[in-house]
$ cat structure-v1.cif   # mmCIF, C-alpha atoms and all ligand atoms
data_data
loop_
_atom_site.label_atom_id
_atom_site.label_comp_id
_atom_site.auth_asym_id
_atom_site.auth_seq_id
_atom_site.Cartn_x
_atom_site.Cartn_y
_atom_site.Cartn_z
CA MET A 1 178.35 113.30 78.48
CA GLU A 2 177.28 110.13 80.28
CA LEU A 3 173.73 111.50 80.38
CA PHE A 4 173.45 111.50 76.59
CA ASN A 5 174.79 107.98 76.28
CA ASP A 6 172.30 106.62 78.76
CA LEU A 7 169.49 107.35 76.32
CA TYR A 8 170.85 104.87 73.78
CA ASP A 9 171.61 101.20 74.06
CA VAL A 10 175.13 101.28 72.65
CA GLU A 11 175.37 97.48 72.75
CA LYS A 12 172.30 96.98 70.56
CA ASN A 13 173.07 95.74 67.05
CA LEU A 14 170.93 97.69 64.53
CA LEU A 15 171.47 95.01 61.87
CA PRO A 16 169.39 91.81 62.03
CA TYR A 17 172.25 89.64 60.64
CA ASP A 18 175.57 89.68 58.73
CA GLY A 19 177.24 92.57 60.52
CA MET A 20 177.33 94.86 63.52
CA VAL A 21 176.23 98.48 63.71
CA ASN A 22 175.99 100.38 66.99
CA TYR A 23 174.46 103.83 67.39
CA HIS A 24 175.89 105.71 70.36
CA GLY A 25 173.63 108.75 69.92
CA PRO A 26 175.06 112.22 70.62
CA ILE A 27 178.43 111.96 72.34
CA LEU A 28 178.82 115.76 72.49
CA ASN A 29 176.41 118.36 73.84
CA GLU A 30 174.87 120.88 71.42
CA LEU A 31 177.27 123.72 72.28
CA ASP A 32 180.38 121.61 71.84
CA ALA A 33 179.01 120.09 68.63
CA LEU A 34 178.37 123.58 67.21
CA ALA A 35 181.86 124.73 68.20
CA PHE A 36 183.40 121.69 66.44
CA PHE A 37 181.22 122.26 63.37
CA LYS A 38 182.51 125.85 63.03
CA ILE A 39 186.14 124.86 63.55
CA LEU A 40 185.84 122.05 60.98
CA CYS A 41 184.39 124.48 58.42
CA THR A 42 187.51 126.63 58.55
CA GLU A 43 190.31 124.25 59.58
CA ILE A 44 189.72 121.45 57.04
CA GLU A 45 191.13 121.66 53.51
CA TRP A 46 187.81 120.98 51.80
CA GLN A 47 187.86 120.01 48.12
CA ASN A 48 185.14 119.11 45.65
CA ASP A 49 184.93 115.38 45.12
CA LEU A 50 185.20 113.86 41.66
CA LEU A 51 182.93 111.10 40.40
CA ILE A 52 183.20 109.22 37.14
CA ILE A 53 179.76 108.82 35.58
CA PHE A 54 179.51 107.21 32.12
CA GLY A 55 183.23 107.85 31.68
CA LYS A 56 182.92 111.55 32.48
CA LYS A 57 184.52 113.27 35.46
CA ILE A 58 181.89 115.15 37.42
CA GLU A 59 182.64 117.46 40.32
CA THR A 60 180.27 117.00 43.24
CA LYS A 61 178.91 119.92 45.23
CA ARG A 62 179.62 117.87 48.32
CA LYS A 63 183.11 118.57 49.64
CA VAL A 64 185.58 116.04 50.96
CA ALA A 65 188.91 115.82 52.76
CA TRP A 66 191.19 112.97 53.76
CA TYR A 67 193.54 112.93 56.75
CA GLY A 68 195.75 110.30 58.36
CA ASP A 69 198.83 109.19 60.29
CA LYS A 70 200.82 109.14 57.03
CA ALA A 71 200.29 110.40 53.48
CA PHE A 72 198.31 107.20 52.72
CA PRO A 73 197.34 106.95 49.07
CA TYR A 74 193.61 106.42 48.69
CA THR A 75 192.05 105.52 45.36
CA TYR A 76 188.41 105.73 44.41
CA SER A 77 186.72 106.45 41.10
CA LYS A 78 190.25 105.92 39.66
CA ILE A 79 191.54 109.04 41.41
CA THR A 80 194.40 108.71 43.90
CA LYS A 81 194.68 111.17 46.74
CA HIS A 82 197.14 111.36 49.61
CA ALA A 83 196.07 111.83 53.22
CA LEU A 84 196.93 115.15 54.85
CA ALA A 85 198.55 115.23 58.29
CA TRP A 86 196.16 115.40 61.27
CA ASN A 87 195.45 118.85 62.66
CA SER A 88 194.64 119.51 66.33
CA VAL A 89 190.83 119.49 65.99
CA LEU A 90 190.89 116.14 64.19
CA LEU A 91 193.27 114.67 66.74
CA SER A 92 190.98 115.65 69.59
CA LEU A 93 187.94 114.19 67.80
CA LYS A 94 189.90 111.02 67.00
CA THR A 95 190.78 110.62 70.70
CA LEU A 96 187.13 111.14 71.68
CA VAL A 97 185.86 108.62 69.13
CA GLU A 98 188.52 106.04 70.03
CA LYS A 99 187.57 106.28 73.69
CA GLU A 100 183.83 106.04 72.99
CA SER A 101 184.11 103.17 70.48
CA LYS A 102 186.98 101.33 72.22
CA GLU A 103 188.79 101.01 68.87
CA THR A 104 191.72 102.78 67.20
CA TYR A 105 191.90 104.50 63.79
CA ASN A 106 194.70 105.85 61.58
CA SER A 107 192.76 107.90 59.04
CA CYS A 108 189.62 109.94 58.52
CA LEU A 109 187.49 110.80 55.51
CA LEU A 110 185.39 113.95 55.90
CA ASN A 111 182.30 114.97 53.94
CA LEU A 112 180.58 118.36 53.91
CA TYR A 113 176.96 118.41 52.65
CA HIS A 114 175.87 122.02 52.15
CA ASP A 115 172.16 121.13 52.37
CA GLY A 116 169.69 118.27 51.94
CA THR A 117 170.08 118.17 48.16
CA GLU A 118 173.60 116.77 48.59
CA GLN A 119 173.82 113.07 49.31
CA MET A 120 175.96 109.95 49.12
CA SER A 121 174.86 106.99 46.98
CA TRP A 122 174.78 103.29 47.84
CA HIS A 123 178.24 101.88 48.59
CA SER A 124 180.14 99.82 51.09
CA ASP A 125 183.43 100.89 52.60
CA ASN A 126 185.29 97.77 51.56
CA GLU A 127 188.23 99.20 49.63
CA GLU A 128 191.32 97.03 49.58
CA GLN A 129 193.37 99.54 51.55
CA LEU A 130 190.99 99.30 54.52
CA LYS A 131 191.60 96.79 57.30
CA LYS A 132 189.27 93.86 56.69
CA HIS A 133 186.38 93.88 59.16
CA GLY A 134 187.93 96.88 60.93
CA ALA A 135 185.63 99.30 62.72
CA ILE A 136 184.48 102.45 60.89
CA ALA A 137 183.31 105.21 63.22
CA SER A 138 181.01 107.86 61.79
CA LEU A 139 180.74 111.15 63.67
CA SER A 140 178.13 113.68 62.50
CA PHE A 141 177.75 117.44 63.02
CA GLY A 142 175.01 119.82 61.94
CA ALA A 143 171.76 118.90 60.21
CA ALA A 144 170.21 115.57 61.23
CA ARG A 145 170.08 113.26 58.19
CA ARG A 146 168.64 109.85 57.44
CA PHE A 147 171.11 106.98 56.93
CA VAL A 148 170.07 103.69 55.33
CA PHE A 149 171.56 100.19 55.15
CA LYS A 150 170.52 97.67 52.48
CA HIS A 151 171.51 94.00 52.50
CA LYS A 152 173.24 93.05 49.22
CA GLU A 153 171.29 89.77 48.86
CA THR A 154 168.05 89.96 50.83
CA LYS A 155 167.59 93.72 50.05
CA GLU A 156 166.32 94.20 53.61
CA THR A 157 166.77 97.81 54.75
CA VAL A 158 167.48 99.41 58.11
CA GLN A 159 167.12 103.16 58.63
CA LEU A 160 168.11 105.59 61.31
CA THR A 161 168.63 109.32 61.79
CA LEU A 162 172.13 110.57 62.51
CA ALA A 163 171.81 113.40 65.03
CA ASP A 164 174.12 116.37 65.59
CA GLY A 165 177.16 115.25 67.59
CA SER A 166 176.28 111.57 67.23
CA LEU A 167 178.47 108.51 66.71
CA LEU A 168 177.66 105.39 64.65
CA VAL A 169 180.08 102.45 64.56
CA MET A 170 180.04 99.81 61.78
CA LYS A 171 182.18 96.72 62.18
CA ASP A 172 182.73 92.97 61.59
CA GLU A 173 181.26 91.78 58.25
CA THR A 174 178.97 94.82 57.81
CA GLN A 175 180.76 96.08 54.68
CA ASP A 176 180.76 92.58 53.08
CA PHE A 177 176.98 92.18 53.28
CA TRP A 178 175.43 95.65 53.52
CA LEU A 179 175.45 98.79 51.41
CA HIS A 180 174.74 102.15 52.98
CA ARG A 181 173.74 105.57 51.72
CA LEU A 182 172.87 109.06 52.86
CA PRO A 183 169.73 109.93 50.84
CA ALA A 184 168.85 113.46 49.78
CA MET A 185 166.34 115.17 52.09
CA LYS A 186 164.99 118.17 50.24
CA ILE A 187 163.49 119.61 53.40
CA VAL A 188 166.92 120.03 55.01
CA SER A 189 168.36 123.50 54.42
CA HIS A 190 171.26 123.34 56.86
CA PRO A 191 174.75 121.91 56.30
CA ARG A 192 176.13 118.74 57.79
CA ILE A 193 179.69 117.48 58.31
CA ASN A 194 180.46 113.79 58.66
CA LEU A 195 183.76 112.22 59.69
CA THR A 196 184.43 108.53 59.16
CA PHE A 197 187.42 107.27 61.12
CA ARG A 198 188.97 104.18 59.51
CA THR A 199 192.03 101.94 59.61
CA ILE A 200 194.21 101.77 56.53
CA GLN A 201 196.24 98.60 56.23
CA ILE A 202 199.78 99.25 55.12
O1 LIG B 301 177.82 111.16 55.55
C1 LIG B 301 177.60 110.04 56.00
O2 LIG B 301 176.99 109.85 57.04
C2 LIG B 301 178.06 108.83 55.23
C3 LIG B 301 179.48 108.91 54.81
C4 LIG B 301 179.96 107.61 54.22
O3 LIG B 301 179.25 106.65 54.09
C5 LIG B 301 181.36 107.51 53.86
O4 LIG B 301 182.10 108.52 53.96
O5 LIG B 301 181.77 106.43 53.43
FE FE B 302 180.46 104.90 53.69
#
$ encode --input "structure-v1.cif" --output "structure tokens"
Amino acid sequence: MELFNDLYDVEKNLLPYDGMVNYHGPILNELDALAFFKILCTEIEWQNDLLIIFGKKIETKRKVAWYGDKAFPYTYSKITKHALAWNSVLLSLKTLVEKESKETYNSCLLNLYHDGTEQMSWHSDNEEQLKKHGAIASLSFGAARRFVFKHKETKETVQLTLADGSLLVMKDETQDFWLHRLPAMKIVSHPRINLTFRTIQI
């Protein structure tokens, strides 16, 4: 595992100002990443996400799931969901990510993108329930996808590719000043699973 990390400068801040984003690169080898991908496909209670667009509820093709230490309520697009209890695969990934990022987390939002047509639009993870300036650790499995940051005022953008088994950590004022999105990539035909470990403030 050390070998993989050596290829990336984990200390390097990808943002030029107003936040801190560190890309750790792959923290799992390909075989382990594939094994986790398969287990996550079957062991997670995937549900279609709901979006409210022009007052209408729309079901996304992208699937989501929400886990945590407690049945935390989590509201977005005016829909409240309660976190499910951790299962063993998520607990082992949480331990791995906590060790690698030197932070702790009490919840995890998961997204399953069936192919490159599924995406996530511009947003920042600055909901009231989240610990202010807490670290958010994003672990990716499956298809490599582009990930983009855009500064809310200057509109400057920063792009990177999130590889299979890789970890990206966003912290400090990142969510105050920067939006991020996962754009569609029509050329991608394989699925991808992303886990964002977060801290809910109770
Ligand atoms: O899938 C990704 O890499 C992004 C997920 C994300 O931004 C989120 O869950 O808030
Ligand atoms: Fe996000």
$ residues_around --input "structure-v1.cif" --residues "segment 64-76 of chain A" --least-positions-apart "3" --cutoff "9 Å" --atoms "all atoms listed in the file" --output "list of chain:residue names"
A:Ile44, A:Glu45, A:Trp46, A:Gln47, A:Asn48, A:Asp49, A:Leu51, A:Ile79, A:Thr80, A:Lys81, A:His82, A:Ala83, A:Leu84, A:Ala85, A:Trp86, A:Asn87, A:Leu90, A:Tyr105, A:Asn106, A:Ser107, A:Cys108, A:Leu109, A:Leu110, A:Asn111, A:Leu112, A:Glu127, A:Gln129, A:Ile200, A:Ile202
$ atom_distance --input "structure-v1.cif" --atom1 "atom CA of Pro183 of chain A" --atom2 "atom CA of Lys132 of chain A"
26.0 Å
$ closest_residue --input "structure-v1.cif" --among "A:Tyr113, A:Tyr17, A:Phe149, A:Phe141" --to "Leu34 of chain A" --atoms "all atoms listed in the file"
A:Phe141
$ atom_distance --input "structure-v1.cif" --atom1 "atom CA of Val89 of chain A" --atom2 "atom CA of Tyr8 of chain A"
26.0 Å
$ atom_distance --input "structure-v1.cif" --atom1 "atom CA of Leu139 of chain A" --atom2 "atom CA of Asp9 of chain A"
17.0 Å
$ residues_near_ligand --input "structure-v1.cif" --ligand "ligand LIG 301 (chain B)" --cutoff "8 Å" --atoms "all atoms listed in the file" --output "list in words"
Leu109, Leu110, Asn111, Leu112, Tyr113, Gln119, Met120, His123, Ser124, Asp125, Ser138, Leu139, Ser140, Arg145, Phe147, Leu162, His180, Arg181, Leu182, Ile193, Asn194, Leu195 and Thr196 of chain A
$ write_last_selection --input "structure-v1.cif" --atoms "C-alpha atoms" --output "PDB file, keeping the file's coordinate frame"
ATOM      1  CA  LEU A 109     187.490 110.800  55.510  1.00  0.00           C
ATOM      2  CA  LEU A 110     185.390 113.950  55.900  1.00  0.00           C
ATOM      3  CA  ASN A 111     182.300 114.970  53.940  1.00  0.00           C
ATOM      4  CA  LEU A 112     180.580 118.360  53.910  1.00  0.00           C
ATOM      5  CA  TYR A 113     176.960 118.410  52.650  1.00  0.00           C
ATOM      6  CA  GLN A 119     173.820 113.070  49.310  1.00  0.00           C
ATOM      7  CA  MET A 120     175.960 109.950  49.120  1.00  0.00           C
ATOM      8  CA  HIS A 123     178.240 101.880  48.590  1.00  0.00           C
ATOM      9  CA  SER A 124     180.140  99.820  51.090  1.00  0.00           C
ATOM     10  CA  ASP A 125     183.430 100.890  52.600  1.00  0.00           C
ATOM     11  CA  SER A 138     181.010 107.860  61.790  1.00  0.00           C
ATOM     12  CA  LEU A 139     180.740 111.150  63.670  1.00  0.00           C
ATOM     13  CA  SER A 140     178.130 113.680  62.500  1.00  0.00           C
ATOM     14  CA  ARG A 145     170.080 113.260  58.190  1.00  0.00           C
ATOM     15  CA  PHE A 147     171.110 106.980  56.930  1.00  0.00           C
ATOM     16  CA  LEU A 162     172.130 110.570  62.510  1.00  0.00           C
ATOM     17  CA  HIS A 180     174.740 102.150  52.980  1.00  0.00           C
ATOM     18  CA  ARG A 181     173.740 105.570  51.720  1.00  0.00           C
ATOM     19  CA  LEU A 182     172.870 109.060  52.860  1.00  0.00           C
ATOM     20  CA  ILE A 193     179.690 117.480  58.310  1.00  0.00           C
ATOM     21  CA  ASN A 194     180.460 113.790  58.660  1.00  0.00           C
ATOM     22  CA  LEU A 195     183.760 112.220  59.690  1.00  0.00           C
ATOM     23  CA  THR A 196     184.430 108.530  59.160  1.00  0.00           C
TER      24      THR A 196
END
$ residues_around --input "structure-v1.cif" --residues "Phe36 of chain A" --least-positions-apart "2" --cutoff "10 Å" --atoms "all atoms listed in the file" --output "VMD selection string"
chain A and resid 28 30 to 34 38 to 41 89 to 90 93 141 to 142 165 193
$ axis_aligned_box --input "structure-v1.cif" --around "segment 161-180 of chain A" --padding-each-side "5 Å" --output "lines of an AutoDock Vina configuration file"
center_x = 175.7
center_y = 104.1
center_z = 59.5
size_x = 24.1
size_y = 34.6
size_z = 26.2
$ closest_residue --input "structure-v1.cif" --among "A:Asn126, A:Glu11, A:Lys56, A:Asp172" --to "ligand FE 302 (chain B)" --atoms "only C-alpha atoms and all ligand atoms"
A:Asn126
$ closest_residue --input "structure-v1.cif" --among "A:Ala144, A:Met185, A:Ile27, A:Leu130" --to "ligand FE 302 (chain B)" --atoms "only C-alpha atoms and all ligand atoms"
A:Leu130
$ closest_residue --input "structure-v1.cif" --among "A:Phe54, A:Phe177, A:Tyr23, A:Trp122" --to "Glu100 of chain A" --atoms "only C-alpha atoms"
A:Tyr23
